[in-house]
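Visitor: Take a look at this one; I'll ask things after.
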Amino acid sequence: MTPARRTTPHLFAQWDRVAQRLREKKRVAILLDFDGTLVRIAPMPEAVRLEQGTKDILEKLSGNRNVTLAIISGRQRAELQRYIGIRKMKYMGLYGWESNGNKKISFPVREALARTLVGLLAELPSYPGVWIEPKRSSFSVHLLGASAETQRQVRLQVKKHVKPLRKTLQVMENLRDIEVAPVALGDKGIAVRKFLDDPAMRGALPVYFGDDFSDEPAFLAARKGISILVGKRRETRARYSLRGPAEVAAALSRMEETIG
């Protein structure tokens, strides 16, 4: 495994170098996480709001013939389409697995997922600030409102439940939640590699923005391009950093002007 990078210079401090790479390529593939990257984190997932200025720049990029624009998130694809509402871009939900409509998982996997969900629903409500969000092919254990000690205990509980089913289910640890999903879903790195392997993307420069642990495989998959960690600095495989969604919007605006 490629070692994690310990220092991530601010993207704007390295802008001349970044802009040169953008100008050198005929096609640029811009892939973005959603929560914490394009929009600020909200107390509840349904309370997020895409700023109009950010939507405007996404509209411009989506209409640029030299740019392919995509969102890749742990949210379901239909949610992303509803919150963003831009037609000429690609939406990849459930860590990229849900890219062309809903995919189905086998009955044994659905059964294992349901059994794990029922078990955790019986145990986790006793932990303050913790709640579970069922999805069509996975579920999230949300930890944003929980104390650090509660988060530690809940992460252990979730891993304990999934361990006997590790050939079928996986645990994806994030900053503010834990995702329990079928192994078949893969991760964002797999999704990015598949996206870039498309013949239409041959020779494209990948640009990936993300804030969470689940974005690390995508940073690695986009290592020949431009990878940007959003939010608080930490050990990461990303090459650059930005402080939050407002700076992401500013960076996208600079990219749109540079690509032309």
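Here's how to read the names in the structure tokens: chain A, B, ... by the order shown, residue numbers from 1 in each chain, ligand numbers from 1 in the order shown.
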Residues near A:Val183, anyone? I mean within 8 Å using only C-alpha atoms, not counting same-chain ones fewer than 5 positions away, as a PDB file with N, CA, C and O atoms, in the first residue's frame.

Guide:
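Printed below is out_25.pdb as written:
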```
ATOM      1  N   ARG A 166     -18.082 -11.398   7.599  1.00  0.00           N
ATOM      2  CA  ARG A 166     -17.128 -10.566   6.864  1.00  0.00           C
ATOM      3  C   ARG A 166     -16.931 -10.995   5.418  1.00  0.00           C
ATOM      4  O   ARG A 166     -16.410 -10.209   4.625  1.00  0.00           O
ATOM      5  N   LYS A 167     -17.316 -12.232   5.044  1.00  0.00           N
ATOM      6  CA  LYS A 167     -17.228 -12.628   3.638  1.00  0.00           C
ATOM      7  C   LYS A 167     -18.388 -12.053   2.827  1.00  0.00           C
ATOM      8  O   LYS A 167     -18.334 -12.033   1.597  1.00  0.00           O
ATOM      9  N   THR A 168     -19.411 -11.590   3.535  1.00  0.00           N
ATOM     10  CA  THR A 168     -20.609 -11.073   2.881  1.00  0.00           C
ATOM     11  C   THR A 168     -20.764  -9.573   3.050  1.00  0.00           C
ATOM     12  O   THR A 168     -21.130  -8.861   2.115  1.00  0.00           O
ATOM     13  N   LEU A 169     -20.467  -9.077   4.278  1.00  0.00           N
ATOM     14  CA  LEU A 169     -20.655  -7.674   4.597  1.00  0.00           C
ATOM     15  C   LEU A 169     -19.328  -7.013   4.954  1.00  0.00           C
ATOM     16  O   LEU A 169     -18.409  -7.668   5.435  1.00  0.00           O
ATOM     17  N   GLN A 170     -19.270  -5.702   4.749  1.00  0.00           N
ATOM     18  CA  GLN A 170     -18.084  -4.929   5.115  1.00  0.00           C
ATOM     19  C   GLN A 170     -18.498  -3.723   5.946  1.00  0.00           C
ATOM     20  O   GLN A 170     -19.647  -3.270   5.884  1.00  0.00           O
TER      21      GLN A 170
END
```

Visitor: Skipping near chain neighbours, those fewer than 2 positions away, what residues fall within 10 Å of A:Asp211 using only C-alpha atoms, listed as a ChimeraX atom specification?

Guide: /A:32-38,174-175,209,213-216,228-233,236,238,241-245

Visitor: Pick out the residues sitting within 10 Å of A:Tyr127, and hand them over as a ChimeraX atom specification; count only C-alpha atoms, and ignore anything fewer than 4 positions along from it in its own chain.

Guide: /A:123,131,143,146-147,150-151,153-154

Visitor: I'd like a table as JSON lines: residues in stretch 52-101 of chain A with an atom no more than 12 Å from stretch 9-28 of chain A, each row giving the shortest atom pair and its distance in Å to one decimal, only C-alpha atoms counted, sorted by chain and rising residue number.

Guide:
```
{"residue": "A:Leu61", "atom": "CA", "partner": "A:Val28", "partner_atom": "CA", "distance": 10.3}
{"residue": "A:Ser62", "atom": "CA", "partner": "A:Val28", "partner_atom": "CA", "distance": 11.4}
{"residue": "A:Asn64", "atom": "CA", "partner": "A:Arg27", "partner_atom": "CA", "distance": 9.9}
{"residue": "A:Arg65", "atom": "CA", "partner": "A:Arg27", "partner_atom": "CA", "distance": 8.3}
{"residue": "A:Asn66", "atom": "CA", "partner": "A:Arg27", "partner_atom": "CA", "distance": 4.8}
{"residue": "A:Val67", "atom": "CA", "partner": "A:Val28", "partner_atom": "CA", "distance": 4.9}
{"residue": "A:Thr68", "atom": "CA", "partner": "A:Val28", "partner_atom": "CA", "distance": 6.4}
{"residue": "A:Leu69", "atom": "CA", "partner": "A:Val28", "partner_atom": "CA", "distance": 8.5}
{"residue": "A:Ala70", "atom": "CA", "partner": "A:Val28", "partner_atom": "CA", "distance": 11.1}
```

Visitor: Can you work out which one of A:Lys103, A:Lys90, A:His142, A:Arg82 has the shortest atom-to-atom distance to A:Pro45, counting only C-alpha atoms?

Guide: A:His142

Visitor: In stretch 1-195 of chain A, what's strand (DSSP E) per DSSP? Answer as a PyMOL selection string?

Guide: chain A and resi 28-32+67-72+90-92+131-134+139-142+169-173+177-182

Visitor: Atom CA of A:Gly96 and atom CA of A:Leu50, how far apart in Å?

Guide: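 These atoms are spaced 20.4 Å apart.
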
Visitor: Could you state the separation of atom CA of A:Pro182 and atom CA of A:Asp212 in Å, given to one decimal place?

Guide: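 For atom CA of A:Pro182 relative to atom CA of A:Asp212, the distance reads 19.5 Å.
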
Visitor: In Å, rounded to a single decimal, give me how far atom CA of A:Tyr83 is from atom CA of A:Ile226.

Guide: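 We find that atom CA of A:Ile226 and atom CA of A:Tyr83 lie 25.7 Å from each other.
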
Visitor: Would you mind telling me which residue in A:Pro43, A:Arg193, A:Gly85, A:Ser73 lies nearest to A:Val130 when using only C-alpha atoms?

Guide: A:Pro43

Visitor: Of the candidates A:Thr8, A:Thr116, A:Ser99, A:Ser138, which shows the shortest atom-to-atom distance to A:Val158, using only C-alpha atoms?

Guide: A:Thr116

Visitor: Hey, which of A:Asp187, A:Asp197, A:Glu235, A:Glu51 ends up closest to A:Trp97? Count only C-alpha atoms.

Guide: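 Going through A:Asp187, A:Asp197, A:Glu235, A:Glu51 one by one, the smallest distance to A:Trp97 is for A:Asp187.
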
Visitor: Using only C-alpha atoms, what table do you get, as a tab-separated table, when you list each residue of stretch 167-245 of chain A with an atom no more than 12 Å from stretch 132-135 of chain A, its nearest pair of atoms, and their distance in Å rounded to one decimal, rows by chain then rising number?

Guide:
```
residue	atom	partner	partner_atom	distance
A:Asp177	CA	A:Ile132	CA	9.4
A:Ile178	CA	A:Ile132	CA	9.5
A:Glu179	CA	A:Glu133	CA	9.5
A:Val180	CA	A:Pro134	CA	9.8
A:Ala181	CA	A:Lys135	CA	9.6
A:Pro182	CA	A:Lys135	CA	11.9
```

Visitor: For those residues, write N, CA and C atoms to a file as a PDB file, in the first residue's frame.

Guide:
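Once written, result-v3.pdb looks like this:
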```pdb
ATOM      1  N   ASP A 177     -19.843   8.612  10.705  1.00  0.00           N
ATOM      2  CA  ASP A 177     -20.759   7.469  10.631  1.00  0.00           C
ATOM      3  C   ASP A 177     -19.989   6.201  10.300  1.00  0.00           C
ATOM      4  N   ILE A 178     -20.693   5.098  10.402  1.00  0.00           N
ATOM      5  CA  ILE A 178     -20.157   3.800   9.991  1.00  0.00           C
ATOM      6  C   ILE A 178     -21.165   3.215   9.018  1.00  0.00           C
ATOM      7  N   GLU A 179     -20.682   2.759   7.866  1.00  0.00           N
ATOM      8  CA  GLU A 179     -21.554   2.158   6.864  1.00  0.00           C
ATOM      9  C   GLU A 179     -21.389   0.646   6.904  1.00  0.00           C
ATOM     10  N   VAL A 180     -22.506  -0.063   6.920  1.00  0.00           N
ATOM     11  CA  VAL A 180     -22.489  -1.523   6.786  1.00  0.00           C
ATOM     12  C   VAL A 180     -23.082  -1.835   5.423  1.00  0.00           C
ATOM     13  N   ALA A 181     -22.299  -2.496   4.584  1.00  0.00           N
ATOM     14  CA  ALA A 181     -22.694  -2.694   3.193  1.00  0.00           C
ATOM     15  C   ALA A 181     -22.209  -4.052   2.693  1.00  0.00           C
ATOM     16  N   PRO A 182     -22.821  -4.560   1.630  1.00  0.00           N
ATOM     17  CA  PRO A 182     -22.313  -5.789   1.021  1.00  0.00           C
ATOM     18  C   PRO A 182     -20.882  -5.622   0.527  1.00  0.00           C
TER      19      PRO A 182
END
```

Visitor: May I ask which of the residues A:Lys88, A:Arg223, A:Arg110, A:Arg202 is the closest one to A:Gly63, counting only C-alpha atoms?

Guide: A:Lys88

Visitor: What residues in stretch 118-181 of chain A get the DSSP label alpha helix (DSSP H)? Please answer as a PyMOL selection string.

Guide: chain A and resi 118-123+148-162
